[in-house]
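S.K.: Below is structure36.pdb; it holds PDB, C-alpha atoms, pLDDT in the B column.
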```pdb
ATOM      1  CA  MET X   1       2.422 -11.270 -33.774  1.00 46.00           C
ATOM      2  CA  LYS X   2       4.588  -8.180 -34.254  1.00 48.00           C
ATOM      3  CA  ILE X   3       8.039  -6.868 -33.323  1.00 51.00           C
ATOM      4  CA  VAL X   4       8.538  -3.338 -31.986  1.00 51.00           C
ATOM      5  CA  ASN X   5      12.059  -2.138 -31.146  1.00 55.00           C
ATOM      6  CA  GLY X   6      13.210  -5.738 -30.979  1.00 58.00           C
ATOM      7  CA  ILE X   7      10.471  -6.811 -28.536  1.00 56.00           C
ATOM      8  CA  LEU X   8       8.154  -9.572 -29.648  1.00 51.00           C
ATOM      9  CA  PHE X   9       4.446  -9.030 -29.030  1.00 49.00           C
ATOM     10  CA  ASP X  10       1.698 -11.616 -29.306  1.00 50.00           C
ATOM     11  CA  VAL X  11      -1.350  -9.476 -29.963  1.00 42.00           C
ATOM     12  CA  GLU X  12      -4.971 -10.437 -29.499  1.00 46.00           C
ATOM     13  CA  ILE X  13      -6.361  -7.078 -30.573  1.00 41.00           C
ATOM     14  CA  GLU X  14      -4.622  -3.910 -31.656  1.00 45.00           C
ATOM     15  CA  ASN X  15      -2.364  -2.315 -28.995  1.00 51.00           C
ATOM     16  CA  LYS X  16      -3.281  -4.982 -26.422  1.00 61.00           C
ATOM     17  CA  ALA X  17      -0.430  -7.421 -26.008  1.00 63.00           C
ATOM     18  CA  SER X  18      -1.069 -10.703 -24.207  1.00 80.00           C
ATOM     19  CA  ARG X  19       2.581 -11.863 -24.334  1.00 81.00           C
ATOM     20  CA  LEU X  20       5.899 -10.022 -24.303  1.00 84.00           C
ATOM     21  CA  VAL X  21       9.299 -11.478 -25.146  1.00 85.00           C
ATOM     22  CA  PHE X  22      12.221  -9.155 -24.454  1.00 85.00           C
ATOM     23  CA  PRO X  23      15.395  -9.689 -26.525  1.00 85.00           C
ATOM     24  CA  SER X  24      18.754 -10.842 -25.192  1.00 87.00           C
ATOM     25  CA  THR X  25      20.237  -7.547 -26.417  1.00 85.00           C
ATOM     26  CA  MET X  26      18.020  -5.260 -24.308  1.00 83.00           C
ATOM     27  CA  GLN X  27      20.098  -3.133 -21.931  1.00 83.00           C
ATOM     28  CA  LYS X  28      17.615  -0.576 -20.633  1.00 82.00           C
ATOM     29  CA  ILE X  29      13.893   0.051 -20.331  1.00 80.00           C
ATOM     30  CA  ASP X  30      12.063   3.043 -18.927  1.00 70.00           C
ATOM     31  CA  LYS X  31      10.805   2.683 -15.361  1.00 67.00           C
ATOM     32  CA  MET X  32       7.280   3.110 -16.739  1.00 66.00           C
ATOM     33  CA  ALA X  33       7.732   0.032 -18.897  1.00 66.00           C
ATOM     34  CA  TYR X  34       4.068  -0.426 -19.709  1.00 63.00           C
ATOM     35  CA  GLU X  35       3.848   3.130 -21.083  1.00 65.00           C
ATOM     36  CA  SER X  36       7.135   2.839 -22.976  1.00 61.00           C
ATOM     37  CA  LEU X  37       5.718  -0.185 -24.790  1.00 65.00           C
ATOM     38  CA  ASN X  38       2.308   1.418 -25.343  1.00 57.00           C
ATOM     39  CA  LEU X  39       0.534  -1.559 -23.831  1.00 60.00           C
ATOM     40  CA  LEU X  40      -2.277  -2.149 -21.390  1.00 56.00           C
ATOM     41  CA  THR X  41      -1.164  -4.244 -18.431  1.00 61.00           C
ATOM     42  CA  SER X  42      -4.771  -5.321 -17.972  1.00 64.00           C
ATOM     43  CA  THR X  43      -4.400  -7.580 -21.033  1.00 73.00           C
ATOM     44  CA  LEU X  44      -0.859  -8.792 -20.381  1.00 80.00           C
ATOM     45  CA  GLU X  45      -0.594 -12.470 -19.437  1.00 86.00           C
ATOM     46  CA  SER X  46       2.999 -13.525 -20.079  1.00 89.00           C
ATOM     47  CA  ILE X  47       6.448 -11.900 -19.741  1.00 91.00           C
ATOM     48  CA  GLU X  48       9.685 -13.517 -20.933  1.00 91.00           C
ATOM     49  CA  VAL X  49      13.316 -12.498 -21.520  1.00 91.00           C
ATOM     50  CA  GLU X  50      15.459 -14.382 -24.022  1.00 89.00           C
ATOM     51  CA  GLU X  51      18.387 -16.307 -22.575  1.00 93.00           C
ATOM     52  CA  GLY X  52      21.732 -14.552 -22.536  1.00 94.00           C
ATOM     53  CA  ASN X  53      20.561 -11.100 -21.461  1.00 93.00           C
ATOM     54  CA  GLU X  54      23.179  -9.609 -19.105  1.00 93.00           C
ATOM     55  CA  TYR X  55      20.903  -6.934 -17.671  1.00 91.00           C
ATOM     56  CA  PHE X  56      17.432  -8.432 -17.320  1.00 93.00           C
ATOM     57  CA  HIS X  57      15.827 -11.784 -16.720  1.00 97.00           C
ATOM     58  CA  SER X  58      12.317 -13.096 -16.309  1.00 96.00           C
ATOM     59  CA  LYS X  59      10.814 -15.467 -13.819  1.00 97.00           C
ATOM     60  CA  ASN X  60       7.200 -16.288 -13.006  1.00 97.00           C
ATOM     61  CA  ASN X  61       5.999 -13.726 -15.599  1.00 95.00           C
ATOM     62  CA  CYS X  62       8.015 -10.904 -14.035  1.00 95.00           C
ATOM     63  CA  LEU X  63      10.572  -8.676 -15.796  1.00 93.00           C
ATOM     64  CA  ILE X  64      13.501  -8.216 -13.393  1.00 96.00           C
ATOM     65  CA  GLU X  65      16.538  -5.946 -13.624  1.00 95.00           C
ATOM     66  CA  THR X  66      19.198  -8.375 -12.472  1.00 97.00           C
ATOM     67  CA  ALA X  67      21.832  -6.105 -10.892  1.00 97.00           C
ATOM     68  CA  THR X  68      19.421  -3.929  -8.892  1.00 97.00           C
ATOM     69  CA  LYS X  69      17.025  -6.787  -8.075  1.00 98.00           C
ATOM     70  CA  THR X  70      14.146  -4.604  -9.214  1.00 97.00           C
ATOM     71  CA  LEU X  71      10.888  -6.044 -10.536  1.00 96.00           C
ATOM     72  CA  VAL X  72      10.256  -3.697 -13.459  1.00 91.00           C
ATOM     73  CA  LEU X  73       7.049  -5.095 -14.923  1.00 91.00           C
ATOM     74  CA  GLY X  74       4.449  -7.606 -13.782  1.00 91.00           C
ATOM     75  CA  CYS X  75       1.081  -8.853 -14.993  1.00 88.00           C
ATOM     76  CA  LYS X  76      -2.005 -10.649 -13.721  1.00 86.00           C
ATOM     77  CA  ASN X  77      -0.228 -14.019 -13.906  1.00 91.00           C
ATOM     78  CA  SER X  78       2.910 -12.866 -12.102  1.00 93.00           C
ATOM     79  CA  ILE X  79       4.174 -14.620  -8.993  1.00 95.00           C
ATOM     80  CA  ILE X  80       6.916 -12.550  -7.392  1.00 97.00           C
ATOM     81  CA  PRO X  81       9.991 -14.795  -7.030  1.00 97.00           C
ATOM     82  CA  ASP X  82      11.000 -15.802  -3.508  1.00 96.00           C
ATOM     83  CA  ASP X  83      14.569 -16.776  -4.442  1.00 97.00           C
ATOM     84  CA  GLY X  84      16.163 -13.454  -3.460  1.00 97.00           C
ATOM     85  CA  SER X  85      16.229 -12.099  -7.016  1.00 98.00           C
ATOM     86  CA  VAL X  86      13.724  -9.343  -6.175  1.00 98.00           C
ATOM     87  CA  GLU X  87      14.288  -6.755  -3.434  1.00 98.00           C
ATOM     88  CA  ILE X  88      12.425  -3.835  -5.002  1.00 98.00           C
ATOM     89  CA  ILE X  89       8.999  -3.578  -6.604  1.00 97.00           C
ATOM     90  CA  GLY X  90       9.723  -0.789  -9.082  1.00 94.00           C
ATOM     91  CA  GLU X  91       7.685   2.255 -10.025  1.00 91.00           C
ATOM     92  CA  TYR X  92       4.511   1.391 -11.957  1.00 89.00           C
ATOM     93  CA  ALA X  93       5.441  -2.317 -11.959  1.00 91.00           C
ATOM     94  CA  PHE X  94       1.842  -3.550 -11.617  1.00 91.00           C
ATOM     95  CA  ASN X  95       0.110  -0.281 -12.529  1.00 86.00           C
ATOM     96  CA  GLY X  96      -3.234  -1.033 -14.191  1.00 82.00           C
ATOM     97  CA  CYS X  97      -3.021  -4.769 -13.546  1.00 84.00           C
ATOM     98  CA  MET X  98      -6.511  -6.271 -13.618  1.00 81.00           C
ATOM     99  CA  ASN X  99      -8.114  -9.661 -13.044  1.00 81.00           C
ATOM    100  CA  ALA X 100      -5.721 -10.656 -10.264  1.00 81.00           C
ATOM    101  CA  LYS X 101      -7.536 -10.602  -6.941  1.00 87.00           C
ATOM    102  CA  ARG X 102      -4.684 -11.409  -4.542  1.00 91.00           C
ATOM    103  CA  ILE X 103      -0.930 -11.019  -4.502  1.00 91.00           C
ATOM    104  CA  GLU X 104       1.563 -12.038  -1.837  1.00 94.00           C
ATOM    105  CA  ILE X 105       4.924 -10.295  -1.814  1.00 96.00           C
ATOM    106  CA  PRO X 106       7.583 -12.737  -0.567  1.00 97.00           C
ATOM    107  CA  GLU X 107      10.150 -12.266   2.180  1.00 98.00           C
ATOM    108  CA  GLY X 108      13.277 -10.537   0.931  1.00 98.00           C
ATOM    109  CA  VAL X 109      11.463  -7.674  -0.785  1.00 98.00           C
ATOM    110  CA  LYS X 110      12.522  -4.445   0.938  1.00 98.00           C
ATOM    111  CA  GLU X 111      10.917  -1.595  -1.004  1.00 98.00           C
ATOM    112  CA  ILE X 112       7.686  -0.850  -2.863  1.00 98.00           C
ATOM    113  CA  HIS X 113       8.070   2.214  -5.061  1.00 96.00           C
ATOM    114  CA  ASN X 114       5.743   4.929  -6.345  1.00 91.00           C
ATOM    115  CA  MET X 115       2.577   3.740  -8.130  1.00 89.00           C
ATOM    116  CA  ALA X 116       3.734   0.108  -8.038  1.00 93.00           C
ATOM    117  CA  PHE X 117       0.211  -1.224  -7.410  1.00 91.00           C
ATOM    118  CA  ALA X 118      -1.905   1.766  -8.483  1.00 87.00           C
ATOM    119  CA  TYR X 119      -5.038   1.366 -10.627  1.00 84.00           C
ATOM    120  CA  THR X 120      -5.375  -2.357  -9.951  1.00 86.00           C
ATOM    121  CA  ASP X 121      -8.310  -4.461  -8.861  1.00 85.00           C
ATOM    122  CA  PHE X 122      -6.456  -6.420  -6.186  1.00 89.00           C
ATOM    123  CA  GLU X 123      -8.712  -7.163  -3.240  1.00 91.00           C
ATOM    124  CA  GLU X 124      -5.981  -8.485  -0.947  1.00 94.00           C
ATOM    125  CA  ILE X 125      -2.246  -7.784  -0.746  1.00 94.00           C
ATOM    126  CA  VAL X 126       0.209  -9.383   1.691  1.00 97.00           C
ATOM    127  CA  ILE X 127       3.445  -7.493   2.424  1.00 97.00           C
ATOM    128  CA  PRO X 128       6.345  -9.307   4.136  1.00 98.00           C
ATOM    129  CA  GLU X 129       8.220  -8.635   7.343  1.00 98.00           C
ATOM    130  CA  SER X 130      11.297  -7.689   5.309  1.00 98.00           C
ATOM    131  CA  ILE X 131       9.669  -4.565   3.850  1.00 98.00           C
ATOM    132  CA  GLU X 132      11.368  -1.290   4.794  1.00 98.00           C
ATOM    133  CA  LEU X 133       9.692   1.276   2.530  1.00 98.00           C
ATOM    134  CA  ILE X 134       6.209   1.749   1.109  1.00 97.00           C
ATOM    135  CA  ALA X 135       6.422   4.827  -1.109  1.00 94.00           C
ATOM    136  CA  GLU X 136       3.838   7.454  -2.006  1.00 87.00           C
ATOM    137  CA  ASN X 137       0.872   6.307  -4.083  1.00 86.00           C
ATOM    138  CA  SER X 138       2.066   2.690  -3.977  1.00 91.00           C
ATOM    139  CA  PHE X 139      -1.552   1.562  -3.634  1.00 88.00           C
ATOM    140  CA  ALA X 140      -3.386   4.662  -4.872  1.00 83.00           C
ATOM    141  CA  LEU X 141      -6.740   4.503  -6.649  1.00 79.00           C
ATOM    142  CA  ASN X 142      -7.679   0.945  -5.706  1.00 82.00           C
ATOM    143  CA  PRO X 143     -11.366   1.037  -4.732  1.00 79.00           C
ATOM    144  CA  GLN X 144     -11.549  -2.792  -4.662  1.00 84.00           C
ATOM    145  CA  LEU X 145      -8.759  -3.190  -2.102  1.00 88.00           C
ATOM    146  CA  LYS X 146     -10.257  -4.714   1.057  1.00 91.00           C
ATOM    147  CA  PHE X 147      -7.373  -6.231   3.020  1.00 93.00           C
ATOM    148  CA  ILE X 148      -3.708  -5.374   3.204  1.00 94.00           C
ATOM    149  CA  THR X 149      -1.447  -7.279   5.574  1.00 97.00           C
ATOM    150  CA  ILE X 150       1.828  -5.567   6.509  1.00 97.00           C
ATOM    151  CA  LYS X 151       3.962  -7.978   8.506  1.00 98.00           C
ATOM    152  CA  SER X 152       6.798  -5.507   9.079  1.00 97.00           C
ATOM    153  CA  LYS X 153       6.841  -3.722  12.433  1.00 97.00           C
ATOM    154  CA  ASN X 154       9.002  -0.751  11.462  1.00 97.00           C
ATOM    155  CA  ALA X 155       8.406  -0.104   7.760  1.00 97.00           C
ATOM    156  CA  PHE X 156       8.328   3.518   6.660  1.00 97.00           C
ATOM    157  CA  ILE X 157       4.937   4.211   5.075  1.00 94.00           C
ATOM    158  CA  ASN X 158       4.550   7.421   3.100  1.00 90.00           C
ATOM    159  CA  ASP X 159       1.517   9.508   4.039  1.00 83.00           C
ATOM    160  CA  MET X 160       0.128   9.096   0.509  1.00 82.00           C
ATOM    161  CA  ALA X 161       0.808   5.374   0.189  1.00 88.00           C
ATOM    162  CA  PHE X 162      -2.925   4.600  -0.009  1.00 81.00           C
ATOM    163  CA  GLY X 163      -4.058   8.032  -1.202  1.00 68.00           C
ATOM    164  CA  THR X 164      -5.408   9.497  -4.375  1.00 57.00           C
ATOM    165  CA  ILE X 165      -3.427  11.560  -6.830  1.00 51.00           C
ATOM    166  CA  LEU X 166      -4.625  15.142  -6.689  1.00 51.00           C
ATOM    167  CA  GLU X 167      -3.077  16.053 -10.033  1.00 51.00           C
ATOM    168  CA  LEU X 168      -5.529  13.655 -11.708  1.00 50.00           C
ATOM    169  CA  TYR X 169      -8.607  15.098 -10.035  1.00 49.00           C
ATOM    170  CA  ASP X 170      -9.614  17.153 -13.072  1.00 53.00           C
ATOM    171  CA  PHE X 171      -9.940  13.972 -15.128  1.00 51.00           C
ATOM    172  CA  TYR X 172     -12.840  12.773 -12.988  1.00 48.00           C
ATOM    173  CA  GLN X 173     -16.194  14.130 -11.987  1.00 48.00           C
ATOM    174  CA  GLU X 174     -16.172  14.646  -8.250  1.00 49.00           C
ATOM    175  CA  GLU X 175     -18.701  11.925  -7.484  1.00 45.00           C
ATOM    176  CA  ALA X 176     -16.868   9.421  -9.687  1.00 43.00           C
ATOM    177  CA  TYR X 177     -13.348  10.151  -8.503  1.00 43.00           C
ATOM    178  CA  PRO X 178     -11.878   6.756  -7.566  1.00 44.00           C
ATOM    179  CA  THR X 179     -10.614   6.493  -4.009  1.00 51.00           C
ATOM    180  CA  ASN X 180      -9.688   3.552  -1.860  1.00 57.00           C
ATOM    181  CA  SER X 181     -12.528   1.631  -0.291  1.00 57.00           C
ATOM    182  CA  ASP X 182     -13.961   2.776   3.031  1.00 70.00           C
ATOM    183  CA  ASP X 183     -13.923  -0.932   3.901  1.00 80.00           C
ATOM    184  CA  LEU X 184     -10.130  -1.196   3.661  1.00 87.00           C
ATOM    185  CA  VAL X 185      -8.597  -3.039   6.628  1.00 93.00           C
ATOM    186  CA  ILE X 186      -4.884  -2.934   7.431  1.00 94.00           C
ATOM    187  CA  LYS X 187      -3.596  -5.959   9.353  1.00 97.00           C
ATOM    188  CA  ALA X 188      -0.253  -5.489  11.093  1.00 98.00           C
ATOM    189  CA  PRO X 189       1.718  -6.307  14.260  1.00 97.00           C
ATOM    190  CA  LYS X 190       0.892  -4.583  17.526  1.00 96.00           C
ATOM    191  CA  ASP X 191       2.658  -1.225  18.002  1.00 96.00           C
ATOM    192  CA  SER X 192       3.828  -1.248  14.391  1.00 97.00           C
ATOM    193  CA  THR X 193       4.166   1.741  12.087  1.00 97.00           C
ATOM    194  CA  ALA X 194       1.347   0.278   9.979  1.00 96.00           C
ATOM    195  CA  ILE X 195      -1.096   0.259  12.914  1.00 96.00           C
ATOM    196  CA  ALA X 196      -0.073   3.825  13.776  1.00 94.00           C
ATOM    197  CA  TYR X 197      -0.579   4.798  10.129  1.00 91.00           C
ATOM    198  CA  ALA X 198      -4.057   3.279  10.024  1.00 89.00           C
ATOM    199  CA  GLN X 199      -5.090   4.978  13.245  1.00 90.00           C
ATOM    200  CA  ARG X 200      -3.718   8.324  12.071  1.00 86.00           C
ATOM    201  CA  PHE X 201      -5.697   8.279   8.843  1.00 82.00           C
ATOM    202  CA  GLY X 202      -8.858   6.629  10.116  1.00 83.00           C
ATOM    203  CA  ILE X 203      -8.357   3.319   8.312  1.00 86.00           C
ATOM    204  CA  LYS X 204      -9.734   0.208   9.982  1.00 90.00           C
ATOM    205  CA  CYS X 205      -6.996  -1.966  11.446  1.00 93.00           C
ATOM    206  CA  GLU X 206      -6.489  -5.342  13.059  1.00 96.00           C
ATOM    207  CA  GLU X 207      -3.509  -6.593  15.034  1.00 96.00           C
ATOM    208  CA  LEU X 208      -1.806  -9.720  13.731  1.00 95.00           C
ATOM    209  CA  VAL X 209      -1.592 -12.519  16.251  1.00 81.00           C
TER
END
```
Step by step, read the file and then write its structure as structure tokens.
M.R.:
Amino acid sequence: MKIVNGILFDVEIENKASRLVFPSTMQKIDKMAYESLNLLTSTLESIEVEEGNEYFHSKNNCLIETATKTLVLGCKNSIIPDDGSVEIIGEYAFNGCMNAKRIEIPEGVKEIHNMAFAYTDFEEIVIPESIELIAENSFALNPQLKFITIKSKNAFINDMAFGTILELYDFYQEEAYPTNSDDLVIKAPKDSTAIAYAQRFGIKCEELV
């Protein structure tokens, strides 16, 4: 166990926290929380905030900025709250999250921001009817992703929502560069923006009944 900048870490092996406890005095954290804390989200199992924090709270292993209703950091054991406390999945919130095969985003969530679910091994993601925005690279670099259900009919989906990140190309040999699976299927309502997106970019699609 160690404390860094007032944040309690339970550590299994060096630099790989399994549990985070944020202090009641914390007022701000960088949007790339996992990088700010120098941790690997693939090993993170538990997220808590001490009682009395005016700016953040935790629920279901999610770190949430209370005023903006933004989920700042999640982990493989996170269940996104369905009580209205989360409207935004923030940038990099689940970036690098491993060993969680399926996640369902509840109704009430309106926006998914840049890189929110990048570098994960999710195989299935369900996005609610309430969603209005799916930002660039939200689901980039997820070769295991097989099914994504988008229940919204009119959500704005950035062209690069499921794309790769060209700036990172030099870090990979061409044949090993991770892209999304050719088997990816987008399920969405008939005549929805998601179906149009899939057809435009040659992604397999199915209409929701």
S.K.: Find the distance between CA of Asn158 (chain X) and CA of Asp83 (chain X) and write it in Å to one decimal.
M.R.: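 Separating CA of Asn158 (chain X) from CA of Asp83 (chain X) is a distance of 27.3 Å.
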S.K.: I'd like the residues picked by the PyMOL selection byres ((chain X and resi 115) around 6) written out as number ranges by chain, using the chain letters and numbers from the file.
M.R.: X: 91-92, 114, 116-118, 137-138
S.K.: By how many Å are CA of Asn53 (chain X) and CA of Thr120 (chain X) apart?
M.R.: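 It comes out at 29.7 Å.
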S.K.: Need the neighbours of (4.1, -12.8, 1.6): which residues are at most 10 Å away, counting all atoms listed in the file, as an NGL selection string?
M.R.: :X and (80 or 82 or 103-109 or 125-130 or 149-151)
S.K.: Determine the axis-aligned bounding box of all atoms of region 54-62 of chain X present in the file, pad each side by 4 Å, and express its centre and edge lengths in Å to one decimal place as lines of an AutoDock Vina configuration file.
M.R.:
```
center_x = 14.6
center_y = -11.6
center_z = -16.1
size_x = 25.2
size_y = 17.4
size_z = 14.1
```
S.K.: One decimal, in Å: what's the spacing between CA of Ser192 (chain X) and CA of Phe147 (chain X)?
M.R.: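 We find that CA of Ser192 (chain X) and CA of Phe147 (chain X) lie 16.7 Å from each other.
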S.K.: For Glu54 (chain X), find every residue with an atom within 10 Å (counting all atoms listed in the file), except residues of its own chain fewer than 6 positions away, and show them as an mmCIF file with C-alpha atoms, in the frame of the given file.
M.R.:
```
data_model
loop_
_atom_site.group_PDB
_atom_site.id
_atom_site.type_symbol
_atom_site.label_atom_id
_atom_site.label_comp_id
_atom_site.auth_asym_id
_atom_site.auth_seq_id
_atom_site.Cartn_x
_atom_site.Cartn_y
_atom_site.Cartn_z
ATOM 1 C CA SER X 24 18.754 -10.842 -25.192
ATOM 2 C CA THR X 25 20.237 -7.547 -26.417
ATOM 3 C CA MET X 26 18.020 -5.260 -24.308
ATOM 4 C CA GLN X 27 20.098 -3.133 -21.931
ATOM 5 C CA GLU X 65 16.538 -5.946 -13.624
ATOM 6 C CA THR X 66 19.198 -8.375 -12.472
ATOM 7 C CA ALA X 67 21.832 -6.105 -10.892
#
```
S.K.: Which residues come within 7 Å of Asn61 (chain X), counting all atoms listed in the file, excluding same-chain residues fewer than 6 positions away, as a list in words?
M.R.: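 Contacts, with the query itself left out: Ser46, Ile47, Glu48, Gly74, Cys75, Asn77, Ser78 and Ile79 of chain X.
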S.K.: Between X:Asp191, X:Thr43, X:Glu132, X:Pro81, which one has atoms that come closest to Ser58 (chain X), using only C-alpha atoms?
M.R.: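 Ranked by minimum distance to Ser58 (chain X), first place goes to X:Pro81.
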S.K.: So, with only C-alpha atoms as the atoms that count, which of X:Val86, X:Ala155, X:Cys62, X:Ala93 lies closest to Ala196 (chain X)?
M.R.: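 That would be X:Ala155, the residue with the smallest distance to Ala196 (chain X).
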S.K.: Taking only C-alpha atoms into account, which of X:Ala100, X:Ile64, X:Met160, X:Ala194 comes nearest Ile131 (chain X)?
M.R.: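 Smallest distance to Ile131 (chain X) is found for X:Ala194.
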S.K.: I'd like to see the residues matched by the PyMOL selection byres ((chain X and resi 159) around 9) on this file, and ideally I'd get them as a PyMOL selection string.
M.R.: chain X and resi 135-137+157-158+160-163+197+201
S.K.: Determine the nearest neighbour of Leu73 (chain X) from the options X:Leu20, X:Asn99, X:Tyr55, X:Lys204, counting only C-alpha atoms.
M.R.: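 Counting only C-alpha atoms, the residue closest to Leu73 (chain X) is X:Leu20.
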S.K.: Any chance you could resolve the PyMOL selection byres ((chain X and resi 111) around 7) against this file and give the residues as a ChimeraX atom specification?
M.R.: /X:87-89,109-110,112-113,131-134
